[in-house]
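Heads up, coords-v8.cif below (mmCIF, C-alpha atoms and all ligand atoms):
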```
data_structure
#
loop_
_atom_site.label_atom_id
_atom_site.label_comp_id
_atom_site.auth_asym_id
_atom_site.auth_seq_id
_atom_site.Cartn_x
_atom_site.Cartn_y
_atom_site.Cartn_z
CA MET E 49 -34.54 9.23 0.76
CA GLU E 50 -31.13 8.94 2.46
CA GLN E 51 -28.68 11.21 0.64
CA TYR E 52 -25.14 12.44 1.31
CA ASP E 53 -22.91 14.98 -0.40
CA VAL E 54 -20.07 12.47 -0.27
CA ILE E 55 -20.01 8.75 0.42
CA ILE E 56 -16.60 7.20 1.10
CA ILE E 57 -16.35 3.42 0.77
CA GLY E 58 -13.59 1.95 2.95
CA ALA E 59 -11.97 3.13 6.18
CA GLY E 60 -8.38 2.22 5.31
CA PRO E 61 -5.64 4.88 5.25
CA ALA E 62 -7.07 6.44 2.04
CA GLY E 63 -10.73 6.64 3.12
CA LEU E 64 -9.92 7.84 6.63
CA LYS E 65 -7.63 10.58 5.33
CA CYS E 66 -10.25 11.72 2.84
CA ALA E 67 -12.89 11.84 5.62
CA GLU E 68 -10.53 13.81 7.87
CA ILE E 69 -9.97 16.44 5.16
CA LEU E 70 -13.73 16.78 4.61
CA GLY E 71 -14.27 17.03 8.38
CA GLY E 72 -15.56 20.38 9.59
CA SER E 73 -16.83 21.38 6.13
CA GLU E 74 -20.46 21.98 5.28
CA LEU E 75 -20.69 18.69 3.44
CA LYS E 76 -22.65 15.77 4.80
CA VAL E 77 -20.29 12.82 4.52
CA LEU E 78 -20.88 9.10 5.06
CA LEU E 79 -17.87 6.83 5.65
CA LEU E 80 -18.68 3.12 5.35
CA GLU E 81 -16.47 0.19 6.34
CA LYS E 82 -17.28 -3.51 6.05
CA ASN E 83 -15.08 -4.56 8.97
CA GLU E 84 -15.94 -4.11 12.63
CA ILE E 85 -12.38 -3.25 13.68
CA ILE E 86 -10.58 -0.38 12.00
CA GLY E 87 -6.90 -0.75 11.19
CA PRO E 88 -5.87 -4.39 10.79
CA LYS E 89 -4.84 -5.23 7.21
CA VAL E 90 -2.47 -7.74 5.63
CA CYS E 91 0.51 -5.41 5.44
CA ALA E 92 4.13 -5.29 6.60
CA GLY E 93 3.73 -1.71 7.89
CA GLY E 94 6.90 -0.27 6.35
CA LEU E 95 7.02 3.42 5.52
CA SER E 96 9.66 5.07 3.36
CA ALA E 97 10.45 8.76 2.99
CA LEU E 98 7.41 9.06 0.70
CA ASN E 99 5.32 9.41 3.82
CA THR E 100 4.97 13.17 4.22
CA LEU E 101 1.46 13.47 5.64
CA LEU E 102 1.62 11.26 8.72
CA ASN E 103 2.65 12.42 12.16
CA LEU E 104 4.26 9.23 13.30
CA PRO E 105 4.38 8.52 17.02
CA ALA E 106 7.93 8.91 18.38
CA GLU E 107 7.86 5.33 19.63
CA CYS E 108 7.36 3.77 16.16
CA LEU E 109 10.32 1.61 15.07
CA SER E 110 12.91 3.22 12.86
CA PHE E 111 15.75 1.55 10.93
CA GLU E 112 18.74 3.46 9.61
CA LYS E 113 20.30 0.36 8.11
CA GLN E 114 18.92 -2.44 6.00
CA LYS E 115 20.46 -5.69 4.87
CA ILE E 116 20.03 -6.93 1.31
CA ILE E 117 20.71 -10.61 0.71
CA LEU E 118 21.20 -11.26 -3.00
CA ASN E 119 21.38 -15.04 -3.50
CA ASN E 120 24.09 -15.85 -0.90
CA SER E 121 25.79 -12.44 -0.67
CA LYS E 122 24.97 -9.95 2.07
CA TYR E 123 25.12 -6.18 1.71
CA ASP E 124 24.59 -3.56 4.43
CA ILE E 125 22.93 -0.36 3.26
CA ASN E 126 22.92 2.87 5.27
CA LEU E 127 19.70 4.77 4.71
CA VAL E 128 19.53 8.54 4.43
CA ASN E 129 15.86 8.36 5.43
CA PRO E 130 15.25 5.64 8.01
CA VAL E 131 12.51 3.12 7.24
CA LYS E 132 9.71 3.42 9.81
CA ILE E 133 7.65 0.44 10.87
CA ILE E 134 4.12 1.13 12.02
CA SER E 135 1.29 -0.97 13.36
CA ARG E 136 -1.71 -0.92 11.01
CA PHE E 137 -4.02 -1.21 14.01
CA ASP E 138 -2.48 1.90 15.63
CA LEU E 139 -2.51 3.79 12.32
CA GLY E 140 -6.19 2.99 11.72
CA GLN E 141 -7.20 3.89 15.27
CA SER E 142 -5.29 7.19 15.28
CA GLN E 143 -6.79 8.16 11.91
CA LEU E 144 -10.25 7.22 13.17
CA ASP E 145 -9.77 9.40 16.29
CA GLU E 146 -9.19 12.38 13.97
CA VAL E 147 -12.31 11.62 11.92
CA LYS E 148 -14.50 11.22 15.00
CA LYS E 149 -13.84 14.85 15.95
CA PHE E 150 -16.14 16.01 13.15
CA SER E 151 -19.92 15.96 13.43
CA ASN E 152 -20.45 16.20 9.65
CA ILE E 153 -18.80 12.80 9.13
CA ILE E 154 -21.12 9.89 9.81
CA PHE E 155 -19.10 6.74 10.30
CA LYS E 156 -20.68 3.29 10.03
CA LYS E 157 -18.69 0.07 10.45
CA GLY E 158 -19.81 -3.46 9.66
CA VAL E 159 -21.51 -2.26 6.46
CA ARG E 160 -20.47 -3.79 3.15
CA ILE E 161 -21.32 -2.05 -0.11
CA GLU E 162 -22.63 -4.66 -2.48
CA LYS E 163 -23.63 -2.66 -5.54
CA ILE E 164 -22.99 0.75 -7.02
CA HIS E 165 -25.33 2.60 -9.36
CA ASN E 166 -24.89 6.00 -10.95
CA GLU E 167 -26.48 7.89 -8.07
CA PHE E 168 -26.77 5.45 -5.20
CA ILE E 169 -25.18 2.48 -3.45
CA LEU E 170 -26.75 -0.66 -2.02
CA THR E 171 -25.46 -2.14 1.22
CA ASP E 172 -25.60 -5.66 2.62
CA LYS E 173 -28.24 -4.31 5.02
CA SER E 174 -30.47 -3.62 1.98
CA GLU E 175 -30.06 0.14 2.40
CA LYS E 176 -30.21 2.34 -0.69
CA ILE E 177 -28.14 5.49 -0.08
CA TYR E 178 -27.82 8.31 -2.59
CA PHE E 179 -24.64 10.30 -3.16
CA LYS E 180 -23.59 13.43 -5.02
CA LYS E 181 -19.95 12.30 -4.98
CA LEU E 182 -18.57 8.84 -4.32
CA VAL E 183 -15.03 8.05 -3.15
CA GLY E 184 -13.92 4.46 -3.69
CA ALA E 185 -11.22 3.88 -1.07
CA ASP E 186 -12.07 0.22 -0.95
CA GLY E 187 -8.70 -1.38 -1.59
CA SER E 188 -7.29 -3.66 -4.25
CA SER E 189 -10.52 -5.60 -4.88
CA SER E 190 -12.45 -2.34 -5.20
CA ILE E 191 -16.12 -2.61 -6.11
CA THR E 192 -15.95 1.07 -7.15
CA ARG E 193 -13.16 0.36 -9.61
CA SER E 194 -15.15 -2.59 -11.02
CA PHE E 195 -18.17 -0.29 -11.45
CA LEU E 196 -15.93 2.05 -13.48
CA LYS E 197 -14.87 -0.99 -15.58
CA LEU E 198 -11.16 -0.26 -15.14
CA GLU E 199 -8.68 -3.07 -15.65
CA ASN E 200 -6.27 -4.12 -12.88
CA LYS E 201 -2.64 -5.14 -12.64
CA ILE E 202 -2.41 -7.40 -9.62
CA TYR E 203 0.64 -8.29 -7.55
CA ILE E 204 0.51 -10.43 -4.41
CA GLY E 205 2.00 -10.10 -0.94
CA ILE E 206 2.20 -13.10 1.39
CA GLN E 207 3.55 -12.81 4.91
CA TYR E 208 4.18 -14.78 8.05
CA ILE E 209 3.36 -13.03 11.31
CA ILE E 210 5.94 -14.48 13.67
CA PRO E 211 5.17 -13.88 17.35
CA LYS E 212 8.76 -12.88 18.15
CA THR E 213 10.71 -9.68 17.68
CA HIS E 214 13.75 -9.41 15.44
CA TYR E 215 16.72 -7.04 15.33
CA GLU E 216 17.33 -6.20 11.66
CA LEU E 217 15.49 -5.13 8.53
CA VAL E 218 16.23 -7.55 5.70
CA TYR E 219 15.39 -7.79 1.99
CA PHE E 220 15.91 -10.93 -0.06
CA LEU E 221 16.63 -10.74 -3.78
CA ASN E 222 16.85 -14.05 -5.56
CA PRO E 223 15.87 -14.15 -9.24
CA LYS E 224 15.94 -17.97 -9.31
CA LEU E 225 13.36 -18.24 -6.52
CA LEU E 226 11.46 -14.96 -6.76
CA LYS E 227 12.12 -13.64 -10.31
CA THR E 228 11.85 -9.85 -9.93
CA GLY E 229 9.90 -10.05 -6.65
CA TYR E 230 11.53 -9.81 -3.26
CA GLY E 231 11.32 -11.14 0.26
CA TRP E 232 11.48 -9.15 3.50
CA ILE E 233 11.86 -9.33 7.24
CA PHE E 234 10.28 -6.31 8.96
CA PRO E 235 10.61 -6.33 12.74
CA HIS E 236 7.68 -4.89 14.73
CA LYS E 237 7.55 -4.21 18.44
CA LYS E 238 5.85 -7.44 19.41
CA PHE E 239 6.12 -9.56 16.28
CA THR E 240 7.96 -9.88 12.98
CA SER E 241 6.56 -9.76 9.47
CA ALA E 242 8.45 -11.98 7.04
CA GLY E 243 7.01 -12.05 3.57
CA VAL E 244 7.30 -12.07 -0.17
CA TYR E 245 5.95 -9.70 -2.82
CA PHE E 246 5.69 -10.99 -6.38
CA ASN E 247 4.11 -10.84 -9.79
CA PRO E 248 1.70 -13.81 -10.08
CA LYS E 249 2.28 -13.81 -13.84
CA LEU E 250 5.90 -14.78 -13.17
CA ILE E 251 5.58 -17.13 -10.19
CA SER E 252 2.65 -18.92 -8.61
CA PRO E 253 1.63 -18.19 -4.98
CA LYS E 254 2.61 -21.79 -4.11
CA LYS E 255 6.10 -21.33 -5.50
CA ALA E 256 6.40 -17.89 -3.84
CA LYS E 257 5.52 -19.39 -0.45
CA SER E 258 7.95 -22.29 -0.80
CA SER E 259 10.66 -19.82 -1.92
CA LEU E 260 9.97 -17.69 1.15
CA ASP E 261 10.20 -20.77 3.38
CA LYS E 262 13.54 -21.65 1.80
CA LEU E 263 14.96 -18.15 2.22
CA LEU E 264 13.87 -17.91 5.87
CA ASN E 265 15.31 -21.33 6.64
CA VAL E 266 18.67 -20.41 5.13
CA TYR E 267 18.63 -17.06 6.99
CA GLY E 268 17.77 -18.92 10.21
CA LEU E 269 14.47 -17.29 11.17
CA ASP E 270 12.14 -19.64 13.02
CA PHE E 271 8.62 -19.31 11.61
CA ALA E 272 7.16 -22.57 12.93
CA SER E 273 4.54 -20.84 15.10
CA ALA E 274 3.75 -18.12 12.56
CA LYS E 275 0.41 -17.22 11.02
CA LEU E 276 0.39 -17.08 7.21
CA GLU E 277 -1.69 -14.47 5.39
CA GLY E 278 -1.82 -12.88 1.97
CA ALA E 279 -3.53 -10.17 -0.06
CA LEU E 280 -3.67 -8.65 -3.52
CA VAL E 281 -2.07 -5.35 -4.44
CA ASN E 282 -3.46 -3.47 -7.43
CA THR E 283 -0.82 -1.38 -9.17
CA LEU E 284 -2.49 -0.06 -12.34
CA PHE E 285 -3.06 3.67 -11.93
CA LYS E 286 -5.65 5.16 -14.30
CA GLY E 287 -6.46 8.41 -12.49
CA LEU E 288 -8.23 9.67 -9.37
CA LYS E 289 -11.30 11.36 -10.81
CA PHE E 290 -13.99 9.85 -13.05
CA GLY E 291 -16.84 12.38 -13.16
CA ASN E 292 -18.44 12.43 -9.70
CA ILE E 293 -16.65 9.21 -8.71
CA PHE E 294 -13.13 9.21 -7.24
CA LEU E 295 -10.67 6.39 -6.58
CA ALA E 296 -8.08 6.55 -3.79
CA GLY E 297 -5.20 4.34 -2.64
CA ASP E 298 -5.11 0.71 -3.79
CA ALA E 299 -8.51 1.13 -5.45
CA ALA E 300 -6.79 3.65 -7.73
CA GLY E 301 -3.92 1.24 -8.39
CA LEU E 302 -1.47 3.53 -6.65
CA ALA E 303 0.76 1.00 -4.86
CA SER E 304 4.16 0.50 -6.46
CA ALA E 305 4.41 -2.61 -8.64
CA ASN E 306 8.08 -2.72 -7.73
CA THR E 307 7.99 -2.42 -3.93
CA GLY E 308 4.32 -2.95 -2.99
CA GLU E 309 4.47 0.22 -0.92
CA GLY E 310 0.99 1.73 -0.84
CA ILE E 311 0.25 3.42 2.51
CA SER E 312 1.82 6.77 1.61
CA TYR E 313 0.07 6.81 -1.77
CA ALA E 314 -3.23 5.92 -0.10
CA ILE E 315 -2.94 8.78 2.36
CA ALA E 316 -1.76 11.31 -0.24
CA SER E 317 -4.59 10.42 -2.63
CA GLY E 318 -7.24 10.48 0.13
CA HIS E 319 -5.93 13.89 1.15
CA ASP E 320 -5.97 15.26 -2.40
CA ILE E 321 -9.45 13.96 -3.24
CA GLY E 322 -10.79 15.57 -0.07
CA LYS E 323 -9.10 18.87 -0.92
CA TYR E 324 -10.41 18.76 -4.49
CA ILE E 325 -13.97 18.08 -3.36
CA LEU E 326 -13.71 21.19 -1.17
CA ASP E 327 -12.06 23.34 -3.83
CA LYS E 328 -12.19 22.53 -7.57
CA SER E 329 -9.06 24.58 -8.22
CA TYR E 330 -6.95 22.24 -6.04
CA LYS E 331 -4.31 20.52 -8.18
CA PHE E 332 -3.80 17.14 -6.46
CA ASP E 333 -0.39 18.35 -5.24
CA LYS E 334 0.44 15.68 -2.68
CA ILE E 335 -0.04 12.74 -5.01
CA LYS E 336 1.85 14.57 -7.79
CA GLU E 337 4.77 14.97 -5.36
CA ILE E 338 5.16 11.22 -4.89
CA ILE E 339 3.69 9.45 -7.91
CA LYS E 340 6.92 10.14 -9.79
CA TYR E 341 8.61 7.59 -7.48
CA LYS E 342 6.08 4.90 -8.40
CA LYS E 343 6.78 5.66 -12.08
CA ARG E 344 10.57 5.53 -11.59
CA GLN E 345 10.41 2.28 -9.63
CA GLU E 346 8.10 0.68 -12.19
CA PHE E 347 10.36 1.78 -15.05
CA ILE E 348 13.29 0.01 -13.36
CA LEU E 349 11.11 -3.08 -12.78
CA LYS E 350 10.19 -3.10 -16.47
CA ILE E 351 13.88 -3.23 -17.41
CA PHE E 352 14.43 -6.14 -15.00
CA ASP E 353 11.39 -8.00 -16.37
CA LYS E 354 12.64 -7.50 -19.96
CA PHE E 355 15.68 -9.72 -19.31
CA PRO E 356 14.38 -12.89 -17.65
CA VAL E 357 17.77 -14.59 -17.82
CA LEU E 358 19.13 -15.60 -14.43
CA PHE E 359 22.68 -14.30 -14.69
CA VAL E 360 21.55 -11.05 -16.35
CA GLN E 361 19.02 -10.36 -13.59
CA THR E 362 21.61 -11.21 -10.93
CA LEU E 363 24.01 -8.77 -12.56
CA MET E 364 21.29 -6.10 -12.71
CA PHE E 365 20.48 -6.64 -9.02
CA LYS E 366 24.21 -6.24 -8.24
CA ILE E 367 24.23 -2.92 -10.09
CA PHE E 368 21.01 -1.93 -8.29
CA ILE E 369 22.62 -2.64 -4.89
CA LYS E 370 25.68 -0.55 -5.84
CA LEU E 371 23.33 2.29 -6.76
CA ILE E 372 21.04 2.01 -3.73
CA LYS E 373 24.07 2.47 -1.47
CA GLN E 374 24.33 6.00 -2.86
CA PRO E 375 22.30 8.68 -1.02
CA LYS E 376 21.56 10.41 -4.34
CA PHE E 377 20.04 7.26 -5.83
CA GLN E 378 18.06 6.58 -2.65
CA LYS E 379 16.53 10.03 -3.07
CA PHE E 380 15.82 9.43 -6.76
CA TYR E 381 14.33 5.98 -6.16
CA GLY E 382 12.19 7.08 -3.19
CA VAL E 383 13.38 5.07 -0.19
C1 LIG E 401 1.57 -8.59 2.36
C2 LIG E 401 1.49 -7.10 2.11
C3 LIG E 401 2.46 -6.28 2.67
C4 LIG E 401 2.40 -4.90 2.47
N1 LIG E 401 3.37 -4.12 3.06
C5 LIG E 401 3.34 -2.78 2.88
C6 LIG E 401 4.32 -1.96 3.50
O1 LIG E 401 5.22 -2.43 4.22
N2 LIG E 401 4.25 -0.62 3.31
C7 LIG E 401 3.26 -0.05 2.53
O2 LIG E 401 3.26 1.18 2.37
N3 LIG E 401 2.32 -0.82 1.92
C8 LIG E 401 2.33 -2.16 2.09
N4 LIG E 401 1.36 -2.93 1.51
C9 LIG E 401 0.30 -2.26 0.73
C10 LIG E 401 -0.69 -1.59 1.67
O3 LIG E 401 -1.25 -2.54 2.56
C11 LIG E 401 -1.82 -0.92 0.87
O4 LIG E 401 -1.26 -0.19 -0.20
C12 LIG E 401 -2.66 0.03 1.71
O5 LIG E 401 -3.32 -0.67 2.74
C13 LIG E 401 -3.69 0.75 0.83
O6 LIG E 401 -4.56 1.50 1.63
P1 LIG E 401 -6.08 1.76 1.11
O7 LIG E 401 -6.70 2.65 2.12
O8 LIG E 401 -6.05 2.17 -0.30
O9 LIG E 401 -6.76 0.32 1.13
P2 LIG E 401 -7.00 -0.70 2.33
O10 LIG E 401 -6.00 -0.52 3.39
O11 LIG E 401 -7.12 -2.04 1.68
O12 LIG E 401 -8.41 -0.26 2.89
C14 LIG E 401 -9.59 -0.49 2.17
C15 LIG E 401 -10.74 -0.57 3.16
O13 LIG E 401 -11.96 -0.70 2.43
C16 LIG E 401 -12.77 -1.69 3.06
N5 LIG E 401 -13.69 -2.21 2.03
C17 LIG E 401 -13.33 -2.90 0.92
N6 LIG E 401 -14.43 -3.22 0.20
C18 LIG E 401 -15.50 -2.71 0.87
C19 LIG E 401 -16.90 -2.74 0.63
N7 LIG E 401 -17.42 -3.32 -0.46
N8 LIG E 401 -17.71 -2.12 1.52
C20 LIG E 401 -17.19 -1.52 2.64
N9 LIG E 401 -15.87 -1.49 2.92
C21 LIG E 401 -15.02 -2.07 2.05
C22 LIG E 401 -11.76 -2.71 3.58
O14 LIG E 401 -12.31 -3.50 4.62
C23 LIG E 401 -10.62 -1.81 4.05
O15 LIG E 401 -10.76 -1.42 5.40
C24 LIG E 401 1.37 -4.32 1.68
C25 LIG E 401 0.41 -5.15 1.10
C26 LIG E 401 0.47 -6.52 1.31
C27 LIG E 401 -0.59 -7.41 0.69
#
```
Would you mind writing the file out in structure tokens?
Ligand SMILES: Cc1cc2nc3c(=O)[nH]c(=O)nc-3n(C[C@H](O)[C@H](O)[C@H](O)COP(=O)(O)OP(=O)(O)OC[C@H]3O[C@@H](n4cnc5c(N)ncnc54)[C@H](O)[C@@H]3O)c2cc1C
Amino acid sequence: MEQYDVIIIGAGPAGLKCAEILGGSELKVLLLEKNEIIGPKVCAGGLSALNTLLNLPAECLSFEKQKIILNNSKYDINLVNPVKIISRFDLGQSQLDEVKKFSNIIFKKGVRIEKIHNEFILTDKSEKIYFKKLVGADGSSSITRSFLKLENKIYIGIQYIIPKTHYELVYFLNPKLLKTGYGWIFPHKKFTSAGVYFNPKLISPKKAKSSLDKLLNVYGLDFASAKLEGALVNTLFKGLKFGNIFLAGDAAGLASANTGEGISYAIASGHDIGKYILDKSYKFDKIKEIIKYKKRQEFILKIFDKFPVLFVQTLMFKIFIKLIKQPKFQKFYGV
């Protein structure tokens, strides 16, 4: 019978961090990933100040200013904490390098978990593998979360990958086109991510895409040769621990419904679950440090969503921009 102390499903930022923390312990750990290549994920790669656990390479892009375009008005915002832009491939590979240092972590790629039972999992290779503890770090369409019968609150991110660099970080706010969602332009070293994040209960993916096209055309960004991609973002947090089963990152619904930011939450939760598995007295400190920002951002989003009248939302966005210019509010809001 194949049995592990801990099985981690998913080698995204959450699963890899959890494996790294368990590395070097006496536990026999199995990390399983359905993809063959570790890292790539539909994601704009932006990191705010909430990232406290990543040693970012010095050469990652950093922006001290961002532009907000509200309808037709442009605002320049100086950031106390620069936004960092990372490559998901590089992040995944550097996290994997850390994990590979440990002989107690068995890593298998190209293995999809198809079913979860109380004490074992079944893979697409018809393997039955037993666990004492299971960590679901399997993203927004988590099979682990489904097994726990937890509901979801899904947002969507759609982005163009434009094979050209760009010079400025831009956010688009436009309640007529995007309701309380937003658009972005995030420059990377060799390409640019231009996308839209939205609540599918308020606008359809088709409308969100055509709104994004409109905004990029008006801004003057050429996306003719771009690749379009999209993914779900689960934002309903119900906890990290459910008996001997844990949820981390997007599987736990940790991404912010307001901003879609999820990498820092994924890493903090993977870290904390690993620490807790090693020591029951551990208090999930890292996630506690930052989850307050998700709650604040979602509280503000709730107020915006309560007043779906165009001129009221425009006015509220204007107030928001006035506030976000203030270093104190940036700190409060978590940028
Ligand atoms: C368009 C878009 C833009 C975004 N931009 C940003 C941004 O700028 N900044 C930010 O912080 N966040 C952003 N996010 C959110 C961010 O991508 C996620 O929050 C983050 O990737 C969550 O990490 P995770 O480890 O929890 O899950 P994931 O990164 O989704 O990793 C889960 C892993 O589990 C694997 N897996 C899933 N199911 C199985 C299975 N059954 N068996 C085996 N393996 C499985 C997957 O292949 C994957 O590798 C964006 C999201 C979208 C959609």
Residues of chain E at most 6 Å from ligand LIG 401 (chain E): nearest atom pair and distance in Å, all atoms listed in the file, as a Markdown table:
```
| residue | atom | partner | partner_atom | distance |
| --- | --- | --- | --- | --- |
| E:Ile57 | CA | E:LIG401 | C20 | 5.3 |
| E:Gly58 | CA | E:LIG401 | O13 | 3.2 |
| E:Ala59 | CA | E:LIG401 | O15 | 4.8 |
| E:Gly60 | CA | E:LIG401 | O12 | 3.5 |
| E:Pro61 | CA | E:LIG401 | O7 | 4.0 |
| E:Ala62 | CA | E:LIG401 | O7 | 3.8 |
| E:Gly63 | CA | E:LIG401 | O7 | 5.8 |
| E:Leu80 | CA | E:LIG401 | C20 | 5.6 |
| E:Glu81 | CA | E:LIG401 | N9 | 3.9 |
| E:Lys82 | CA | E:LIG401 | C20 | 3.9 |
| E:Asn83 | CA | E:LIG401 | O14 | 5.3 |
| E:Val90 | CA | E:LIG401 | C1 | 5.3 |
| E:Cys91 | CA | E:LIG401 | C3 | 3.5 |
| E:Ala92 | CA | E:LIG401 | N1 | 3.8 |
| E:Gly93 | CA | E:LIG401 | O1 | 4.0 |
| E:Gly94 | CA | E:LIG401 | O1 | 3.5 |
| E:Leu95 | CA | E:LIG401 | N2 | 5.4 |
| E:Val159 | CA | E:LIG401 | C20 | 5.8 |
| E:Arg160 | CA | E:LIG401 | N8 | 3.6 |
| E:Ile161 | CA | E:LIG401 | N8 | 4.0 |
| E:Glu162 | CA | E:LIG401 | N7 | 5.7 |
| E:Ala185 | CA | E:LIG401 | O8 | 5.5 |
| E:Asp186 | CA | E:LIG401 | O13 | 3.5 |
| E:Gly187 | CA | E:LIG401 | O11 | 3.7 |
| E:Ser190 | CA | E:LIG401 | N6 | 5.8 |
| E:Ile191 | CA | E:LIG401 | N7 | 5.8 |
| E:Gly205 | CA | E:LIG401 | C1 | 3.7 |
| E:Ile206 | CA | E:LIG401 | C1 | 4.7 |
| E:Gln207 | CA | E:LIG401 | C1 | 5.3 |
| E:Gly278 | CA | E:LIG401 | C1 | 5.5 |
| E:Ala279 | CA | E:LIG401 | C27 | 4.1 |
| E:Leu280 | CA | E:LIG401 | C27 | 5.4 |
| E:Val281 | CA | E:LIG401 | C27 | 5.7 |
| E:Ala296 | CA | E:LIG401 | O8 | 6.0 |
| E:Gly297 | CA | E:LIG401 | O8 | 3.3 |
| E:Asp298 | CA | E:LIG401 | O8 | 3.9 |
| E:Ala299 | CA | E:LIG401 | O8 | 5.8 |
| E:Ala303 | CA | E:LIG401 | O4 | 5.2 |
| E:Gly308 | CA | E:LIG401 | N4 | 5.4 |
| E:Glu309 | CA | E:LIG401 | O2 | 3.6 |
| E:Gly310 | CA | E:LIG401 | O4 | 3.0 |
| E:Ile311 | CA | E:LIG401 | O2 | 3.8 |
| E:Ser312 | CA | E:LIG401 | O2 | 5.8 |
| E:Ala314 | CA | E:LIG401 | O8 | 4.7 |
```
- Message: Could you list, as number ranges by chain, every residue within 9 Å of Ile321 (chain E), counting only C-alpha atoms and ignoring same-chain residues fewer than 4 positions away?
- Response: E: 66, 69, 183, 288-289, 294-296, 316-317, 325-326, 332
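If only C-alpha atoms are the atoms counted, then among E:Phe352, E:Asn282, E:Lys212, E:Lys323 the closest residue to Ser189 (chain E) is E:Asn282.
Reported to one decimal place, the separation of CA of Asn292 (chain E) from CA of Phe195 (chain E) is 12.8 Å.
Between Pro375 (chain E) and the residues E:Asn129, E:Thr192, E:Ser121, E:Thr240, the shortest atom-to-atom distance, using only C-alpha atoms, involves E:Asn129.
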For Gly382 (chain E), find every residue with an atom within 7 Å (counting all atoms listed in the file), except residues of its own chain fewer than 2 positions away, and show them as a compact mmCIF listing (two decimals) with C-alpha atoms, keeping the file's coordinate frame.
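Saved to out14.txt:
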```txt
# COMPACT_ATOMS: atom_id res chain seq x y z
CA ALA E 97 10.45 8.76 2.99
CA LEU E 98 7.41 9.06 0.70
CA TYR E 341 8.61 7.59 -7.48
CA GLN E 378 18.06 6.58 -2.65
CA LYS E 379 16.53 10.03 -3.07
CA PHE E 380 15.82 9.43 -6.76
```
- Query: Taking into account only C-alpha atoms, which residue in the set E:Leu139, E:Gly322, E:Leu302, E:Asn222 is nearest to Leu75 (chain E)?
  - Reply: E:Gly322
- Message: Residues proximal to (4.0, -11.6, 11.9) were defined as those with any atom within 7 Å of that point in the file's coordinates, counting all atoms listed in the file. Which are they, as a count of residues only?
- Response: 10
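Residues lying within 12 Å of Ile369 (chain E), counting only C-alpha atoms and ignoring same-chain neighbours fewer than 4 positions away, are Gln114, Lys115, Ile116, Ile117, Leu118, Ser121, Lys122, Tyr123, Asp124, Ile125, Asn126, Tyr219, Phe220, Leu221, Thr362, Leu363, Met364, Phe365, Lys373, Gln374, Pro375, Phe377 and Gln378 of chain E.
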Could you turn the residues from that selection into a file that holds C-alpha atoms, as an mmCIF file, in the coordinates of the input?
```cif
data_model
loop_
_atom_site.group_PDB
_atom_site.id
_atom_site.type_symbol
_atom_site.label_atom_id
_atom_site.label_comp_id
_atom_site.auth_asym_id
_atom_site.auth_seq_id
_atom_site.Cartn_x
_atom_site.Cartn_y
_atom_site.Cartn_z
ATOM 1 C CA GLN E 114 18.920 -2.440 6.000
ATOM 2 C CA LYS E 115 20.460 -5.690 4.870
ATOM 3 C CA ILE E 116 20.030 -6.930 1.310
ATOM 4 C CA ILE E 117 20.710 -10.610 0.710
ATOM 5 C CA LEU E 118 21.200 -11.260 -3.000
ATOM 6 C CA SER E 121 25.790 -12.440 -0.670
ATOM 7 C CA LYS E 122 24.970 -9.950 2.070
ATOM 8 C CA TYR E 123 25.120 -6.180 1.710
ATOM 9 C CA ASP E 124 24.590 -3.560 4.430
ATOM 10 C CA ILE E 125 22.930 -0.360 3.260
ATOM 11 C CA ASN E 126 22.920 2.870 5.270
ATOM 12 C CA TYR E 219 15.390 -7.790 1.990
ATOM 13 C CA PHE E 220 15.910 -10.930 -0.060
ATOM 14 C CA LEU E 221 16.630 -10.740 -3.780
ATOM 15 C CA THR E 362 21.610 -11.210 -10.930
ATOM 16 C CA LEU E 363 24.010 -8.770 -12.560
ATOM 17 C CA MET E 364 21.290 -6.100 -12.710
ATOM 18 C CA PHE E 365 20.480 -6.640 -9.020
ATOM 19 C CA LYS E 373 24.070 2.470 -1.470
ATOM 20 C CA GLN E 374 24.330 6.000 -2.860
ATOM 21 C CA PRO E 375 22.300 8.680 -1.020
ATOM 22 C CA PHE E 377 20.040 7.260 -5.830
ATOM 23 C CA GLN E 378 18.060 6.580 -2.650
#
```
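Checking E:Ile56, E:Asp353, E:Gln143, E:Ser151 one by one against Leu104 (chain E), counting all atoms listed in the file, you find the shortest gap at E:Gln143.
Using all atoms listed in the file, the nearest neighbour of Ser259 (chain E) within the list E:Ile233, E:Leu226, E:Leu198, E:Ile169 is E:Leu226.
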Long-range neighbours of Glu346 (chain E) as an mmCIF file with C-alpha atoms, in the coordinates of the input, 7 Å cut-off, only C-alpha atoms, 5 positions minimum in chain:
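This went into around.cif:
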```cif
data_model
loop_
_atom_site.group_PDB
_atom_site.id
_atom_site.type_symbol
_atom_site.label_atom_id
_atom_site.label_comp_id
_atom_site.auth_asym_id
_atom_site.auth_seq_id
_atom_site.Cartn_x
_atom_site.Cartn_y
_atom_site.Cartn_z
ATOM 1 C CA SER E 304 4.160 0.500 -6.460
ATOM 2 C CA ALA E 305 4.410 -2.610 -8.640
ATOM 3 C CA ASN E 306 8.080 -2.720 -7.730
#
```
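The space between CA of Val54 (chain E) and CA of Lys181 (chain E) spans 4.7 Å.
If you measure from each of E:Ile202, E:Ile154, E:Val218, E:Leu250 to Thr283 (chain E) using all atoms listed in the file, the closest one turns out to be E:Ile202.
Across the structure, CA of Glu50 (chain E) and CA of Gly140 (chain E) are spaced 27.3 Å apart.
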- Task: Write out as a PyMOL selection string the residues lying within 12 Å of Asp138 (chain E), counting only C-alpha atoms and excluding same-chain residues fewer than 6 positions away.
- Result: chain E and resi 60-61+85-89+93+104-105+107-108+144-145
